[in-house]
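First up is the structure itself, then whatever we jot down about it.
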Amino acid sequence: MTGLCDGRVVIVTGAGRGLGRAHALAFAAEGAKVVVNDLGVGLDGTGGGAGPAQHVVDEIRAAGGEAVAHGGDIATADGAASLIAAAVDTFGRLDTLVNNAGFLRDRMLVNLDEDDWDAVMRVHLKGHFLPLKHAAAHWRAEAKAGRQPVARVVNTSSGAGLLGSVGQGNYSAAKAGIVGLTLVASAEMGRYGVQVNAIAPAARTRMTEQTFADTMAAPAEGGGFDAMAPENVSPLVVWLGSAASAGVTGRVFEAEAGRITVMEGWRPGPTADKGARWTPAEAGETALKLLSSAEPPHPVYGTR
Ligand SMILES: NC(=O)c1ccc[n+]([C@@H]2O[C@H](COP(=O)([O-])OP(=O)(O)OC[C@H]3O[C@@H](n4cnc5c(N)ncnc54)[C@H](O)[C@@H]3O)[C@@H](O)[C@H]2O)c1
C-alpha cells in the first residue's frame with residue numbers, strides 16, 4: 001500500500017496528547033517516520049514526564065509504523081536543536097515540521113500575571129520560532145549542498161489569534177504572532193523548497209473539554225460522526241505536510257469537524273489620501289466616513 005507521506009520524516013511537537021497525537025498517528029498511517037515530541041506537562045505547562053510521547057511511539061510501532069520519542073522543551077534552544085537532530089540522526093532526514101505544542105493560562109487582562117503572559121508567549125511563539133529556525137538552517141544547508149528539499153511546516157494558530165478571545169489575551173497575542181511568523185517564514189524559505197502554512201483547529205482535547213464541554217461532547221456509542229474528535233483535523237495537516245501540497249504556502253486554514261475554511265486575512269479596505277497632513281478633526285471625520293463603507297469585524301470569541 002502506498003501512503004501520501006511514504007519516505008518522509010515528520011516531527012510533531014506536543015504529540016503526546018490531543019491534536020498532536022492525532023497528527024502523529026495520521027502521518028504514520030500515511031507512511032511517514034515520526035519524531036513524537038512531548039514534554040508531558042500539565043494543562044498549565046507545569047510538571048512533565050516522558051510517558052505521553054513514548055505511549056504514542058508505542059501506538060505507532062504497534063500499528064507497524066516507525067517512530068521515536070523526543071522529550072525536550074521546544075521553547076529552549078537545546079530542546080529545539082536536539083529535536084531536529086533526533087530526526088536527522090534517527091531517520092537520516094527531515095521533511096516536515098508540525099509545530100503544535102502549547103498550553104493555556106487563561107485570565108482576564110486585569111488579572112493576568114506577568115508570569116502567565118511570559119509562559120504562554122514562550123511556549124507558543126518561541127516554541128514555534130526555535131524549531132522553525134533550526135529546521136530552516138537544516139533545509140538551507142541541504143539546498144546549498146544541491147539537495148533541494150521538498151519541505152513543509154505546519155504551524156498551529158487558533159481562532160483566538162485570528163479573531164481574539166475574551167479571557168485569553170496572552171494566548172490570542174501568541175497565536176496572532178504565529179500567523180505573522182508563518183507569513184515571514186513562507187516568504188523567506190520558499191527559495192529553499194520549504195512551504196509554511198498555519199491551521200486554526202478546533203477539537204475536543206483536555207485543553208477544550210472544560211470550556212466547551214457542551215458543544216464538544218462525543219456522541220453516544222454508535223451515534224455517528226464524532227465531529228469534535230481531534231482526528232478530524234489531522235487529514236488537512238497530513239496533506240499540508242506532504243509533497244502533494246506543492247504550491248500552497250503562506251496560508252491559514254480553519255479545520256474543525258468535517259469543515260475546512262481558508263481564512264482571508266488583513267488587506268487594505270476603504271482608503272482616503274489628502275496628499276498632505278490631516279488635522280485631528282479631519283482625520284476623525286475621514287476615519288468615520290471610511291468605517292461606514294468598511295466590512296464590520298467578526299465578533300471576538302466570548303462576546304456573544
Ligand atoms: N483543542 C482545540 O480546540 C484547539 C483550538 C485552537 C488551537 N489549539 C492548539 O492546538 C495545539 C494542541 O492543543 P491540544 O488541544 O491538543 O492540547 P493538549 O494539551 O491536549 O496537547 C498539547 C501537548 O503539548 C505538550 N507541551 C506543552 N508544552 C510543551 C513544551 N514546552 N515542549 C513540548 N511539549 C509541550 C503537552 O505536554 C501536551 O501533551 C496547541 O497549540 C493549541 O493551542 C487547540
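Residue numbering restarts at 1 for every chain of the C-alpha cells, chains are lettered A, B, ... in their displayed order, and ligands are numbered from 1 as they appear.
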Within-7 Å residues of ligand 1, basis only C-alpha atoms and all ligand atoms, as a PyMOL selection string: chain A and resi 13-20+37-43+45+52+71-75+100-103+123-124+127+156-159+200-208
All residues 6 Å or closer to A:Arg107, only C-alpha atoms, same chain fewer than 3 positions away omitted, as a count of residues only: 3
Near-A:Ala24 list (8 Å; only C-alpha atoms; drop same-chain fewer than 5 positions) as an MDAnalysis selection string: chainID A and resid 12 15 34 36 56
For C-alpha atoms, I'd like the residues from the last selection saved as a short mmCIF file (atom, residue, chain, number, x, y, z; two decimals), in the first residue's frame.
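Output file again_22.cif is given in full below:
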```
data_model
loop_
_atom_site.label_atom_id
_atom_site.label_comp_id
_atom_site.auth_asym_id
_atom_site.auth_seq_id
_atom_site.Cartn_x
_atom_site.Cartn_y
_atom_site.Cartn_z
CA VAL A 12 5.21 16.75 15.54
CA ALA A 15 2.38 14.94 20.08
CA VAL A 34 7.60 10.29 13.02
CA VAL A 36 7.00 12.34 18.61
CA VAL A 56 2.29 7.45 21.13
#
```
Distance criterion (only C-alpha atoms): nearest to A:Phe91 out of A:Met216, A:Ala283, A:Lys33, A:Leu236: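 Comparing A:Met216, A:Ala283, A:Lys33, A:Leu236 against A:Phe91, the winner is A:Lys33.
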A:Leu290, A:Ala22, A:Val196, A:Ala281 ranked by distance to A:Gly180, top pick (using only C-alpha atoms):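 The closest residue to A:Gly180 is A:Val196.
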Contacts of A:Gly7 at 12 Å (only C-alpha atoms; same-chain gap of 4+ positions) as a list in words: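 With the cut-off at 12 Å, the set is Thr2, Gly3, Phe27, Ala28, Glu30, Gly31, Ala32, Lys33, Val34, Gly65, Glu66, Phe91, Gly92, Arg93, Leu94, Asp95, Thr96, Val150, Ser242 and Ala243 of chain A.
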DSSP helix (DSSP H, G or I) selection over stretch 18-233 of chain A, as number ranges by chain: A: 18-29, 51-62, 77-91, 109-111, 114-144, 159-163, 169-192, 213-216, 230-232
Prev. selection, C-alpha atoms, output as an mmCIF file, in the first residue's frame:
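Output file result.cif follows:
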```
data_model
loop_
_atom_site.group_PDB
_atom_site.id
_atom_site.type_symbol
_atom_site.label_atom_id
_atom_site.label_comp_id
_atom_site.auth_asym_id
_atom_site.auth_seq_id
_atom_site.Cartn_x
_atom_site.Cartn_y
_atom_site.Cartn_z
ATOM 1 C CA GLY A 18 -4.727 15.700 21.853
ATOM 2 C CA LEU A 19 -4.286 17.113 18.361
ATOM 3 C CA GLY A 20 -0.552 16.385 18.155
ATOM 4 C CA ARG A 21 -1.102 12.707 18.956
ATOM 5 C CA ALA A 22 -3.790 12.504 16.264
ATOM 6 C CA HIS A 23 -1.457 14.189 13.728
ATOM 7 C CA ALA A 24 1.429 11.822 14.590
ATOM 8 C CA LEU A 25 -0.749 8.720 14.167
ATOM 9 C CA ALA A 26 -2.219 10.070 10.916
ATOM 10 C CA PHE A 27 1.236 10.813 9.439
ATOM 11 C CA ALA A 28 2.442 7.329 10.406
ATOM 12 C CA ALA A 29 -0.663 5.798 8.792
ATOM 13 C CA GLY A 51 5.096 8.954 29.380
ATOM 14 C CA PRO A 52 2.813 10.602 26.775
ATOM 15 C CA ALA A 53 5.427 10.766 23.968
ATOM 16 C CA GLN A 54 6.572 7.172 24.500
ATOM 17 C CA HIS A 55 2.966 5.968 24.612
ATOM 18 C CA VAL A 56 2.291 7.452 21.134
ATOM 19 C CA VAL A 57 5.534 5.941 19.811
ATOM 20 C CA ASP A 58 4.334 2.551 21.118
ATOM 21 C CA GLU A 59 0.960 3.048 19.399
ATOM 22 C CA ILE A 60 2.649 3.849 16.055
ATOM 23 C CA ARG A 61 5.003 0.862 16.327
ATOM 24 C CA ALA A 62 2.120 -1.448 17.288
ATOM 25 C CA ALA A 77 17.462 26.383 22.089
ATOM 26 C CA ASP A 78 18.758 22.984 23.271
ATOM 27 C CA GLY A 79 15.319 21.368 23.034
ATOM 28 C CA ALA A 80 14.716 22.699 19.518
ATOM 29 C CA ALA A 81 18.210 21.827 18.242
ATOM 30 C CA SER A 82 18.086 18.301 19.685
ATOM 31 C CA LEU A 83 14.619 17.821 18.163
ATOM 32 C CA ILE A 84 15.870 18.476 14.621
ATOM 33 C CA ALA A 85 18.950 16.330 15.384
ATOM 34 C CA ALA A 86 16.674 13.487 16.566
ATOM 35 C CA ALA A 87 15.026 13.351 13.124
ATOM 36 C CA VAL A 88 18.286 13.546 11.172
ATOM 37 C CA ASP A 89 20.260 11.184 13.461
ATOM 38 C CA THR A 90 17.490 8.567 13.744
ATOM 39 C CA PHE A 91 15.962 8.617 10.264
ATOM 40 C CA LEU A 109 -6.326 41.098 31.321
ATOM 41 C CA VAL A 110 -6.717 42.921 34.653
ATOM 42 C CA ASN A 111 -5.877 39.675 36.478
ATOM 43 C CA GLU A 114 3.317 38.701 34.067
ATOM 44 C CA ASP A 115 4.347 35.055 34.590
ATOM 45 C CA ASP A 116 1.213 33.824 32.826
ATOM 46 C CA TRP A 117 1.873 36.232 29.955
ATOM 47 C CA ASP A 118 5.503 35.126 29.644
ATOM 48 C CA ALA A 119 4.789 31.381 29.926
ATOM 49 C CA VAL A 120 2.147 31.404 27.178
ATOM 50 C CA MET A 121 4.120 33.672 24.832
ATOM 51 C CA ARG A 122 7.147 31.482 25.414
ATOM 52 C CA VAL A 123 5.611 28.081 24.743
ATOM 53 C CA HIS A 124 3.568 29.089 21.684
ATOM 54 C CA LEU A 125 5.545 31.863 19.981
ATOM 55 C CA LYS A 126 9.117 30.950 20.949
ATOM 56 C CA GLY A 127 8.087 27.283 20.796
ATOM 57 C CA HIS A 128 7.240 27.831 17.123
ATOM 58 C CA PHE A 129 10.213 30.067 16.318
ATOM 59 C CA LEU A 130 13.027 27.877 17.677
ATOM 60 C CA PRO A 131 12.141 24.549 15.958
ATOM 61 C CA LEU A 132 11.395 26.542 12.776
ATOM 62 C CA LYS A 133 14.789 28.266 12.942
ATOM 63 C CA HIS A 134 16.704 25.010 13.443
ATOM 64 C CA ALA A 135 14.714 23.221 10.733
ATOM 65 C CA ALA A 136 15.286 26.174 8.374
ATOM 66 C CA ALA A 137 19.048 26.005 8.970
ATOM 67 C CA HIS A 138 18.985 22.274 8.141
ATOM 68 C CA TRP A 139 16.971 22.788 4.952
ATOM 69 C CA ARG A 140 19.091 25.732 3.797
ATOM 70 C CA ALA A 141 22.225 23.589 4.215
ATOM 71 C CA GLU A 142 20.556 20.796 2.234
ATOM 72 C CA ALA A 143 19.602 23.212 -0.560
ATOM 73 C CA LYS A 144 23.133 24.667 -0.665
ATOM 74 C CA GLY A 159 -9.428 31.237 16.215
ATOM 75 C CA ALA A 160 -8.348 33.182 19.324
ATOM 76 C CA GLY A 161 -5.350 34.519 17.412
ATOM 77 C CA LEU A 162 -7.367 35.387 14.307
ATOM 78 C CA LEU A 163 -10.440 36.972 15.928
ATOM 79 C CA GLY A 169 -5.165 37.970 25.948
ATOM 80 C CA ASN A 170 -1.834 36.160 26.271
ATOM 81 C CA TYR A 171 -2.902 33.195 24.130
ATOM 82 C CA SER A 172 -4.586 35.375 21.455
ATOM 83 C CA ALA A 173 -1.461 37.555 21.140
ATOM 84 C CA ALA A 174 0.808 34.498 20.838
ATOM 85 C CA LYS A 175 -1.452 32.808 18.272
ATOM 86 C CA ALA A 176 -1.732 36.038 16.219
ATOM 87 C CA GLY A 177 2.068 36.234 16.343
ATOM 88 C CA ILE A 178 2.264 32.722 14.906
ATOM 89 C CA VAL A 179 0.346 33.925 11.836
ATOM 90 C CA GLY A 180 2.879 36.741 11.301
ATOM 91 C CA LEU A 181 5.735 34.273 11.752
ATOM 92 C CA THR A 182 4.102 31.930 9.221
ATOM 93 C CA LEU A 183 3.883 34.684 6.582
ATOM 94 C CA VAL A 184 7.527 35.688 7.026
ATOM 95 C CA ALA A 185 8.800 32.092 7.102
ATOM 96 C CA SER A 186 6.850 31.298 3.945
ATOM 97 C CA ALA A 187 8.342 34.311 2.145
ATOM 98 C CA GLU A 188 11.908 33.715 3.374
ATOM 99 C CA MET A 189 12.117 29.937 2.985
ATOM 100 C CA GLY A 190 10.400 29.334 -0.345
ATOM 101 C CA ARG A 191 13.733 29.530 -2.173
ATOM 102 C CA TYR A 192 14.945 26.508 -0.165
ATOM 103 C CA ALA A 213 -17.988 20.662 27.284
ATOM 104 C CA ASP A 214 -21.481 21.129 25.841
ATOM 105 C CA THR A 215 -20.548 21.666 22.182
ATOM 106 C CA MET A 216 -17.671 19.190 22.124
ATOM 107 C CA PRO A 230 -9.057 15.658 17.126
ATOM 108 C CA GLU A 231 -8.568 13.038 14.385
ATOM 109 C CA ASN A 232 -10.838 15.154 12.132
#
```
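Coordinates place atom CA of A:Ala198 at a distance of 9.4 Å from atom CA of A:Val98.
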Distance of atom CA of A:Trp266 from atom CA of A:Leu291, expressed in Å to one decimal place: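 Pair atom CA of A:Leu291 / atom CA of A:Trp266 returns 15.1 Å.
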Given only C-alpha atoms as the counted atoms, nearest of A:Leu104, A:Gly250, A:Gln195, A:Leu4 to A:Pro235: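 The shortest atom-to-atom distance to A:Pro235 comes from A:Leu4.
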All strand (DSSP E) positions in stretch 70-296 of chain A, as JSON, numbers by chain: {"A": [70, 96, 97, 98, 151, 152, 153, 154, 155, 156, 194, 195, 196, 197, 198, 199, 200, 201, 202, 252, 253, 254, 255, 256, 259, 260, 261, 262]}
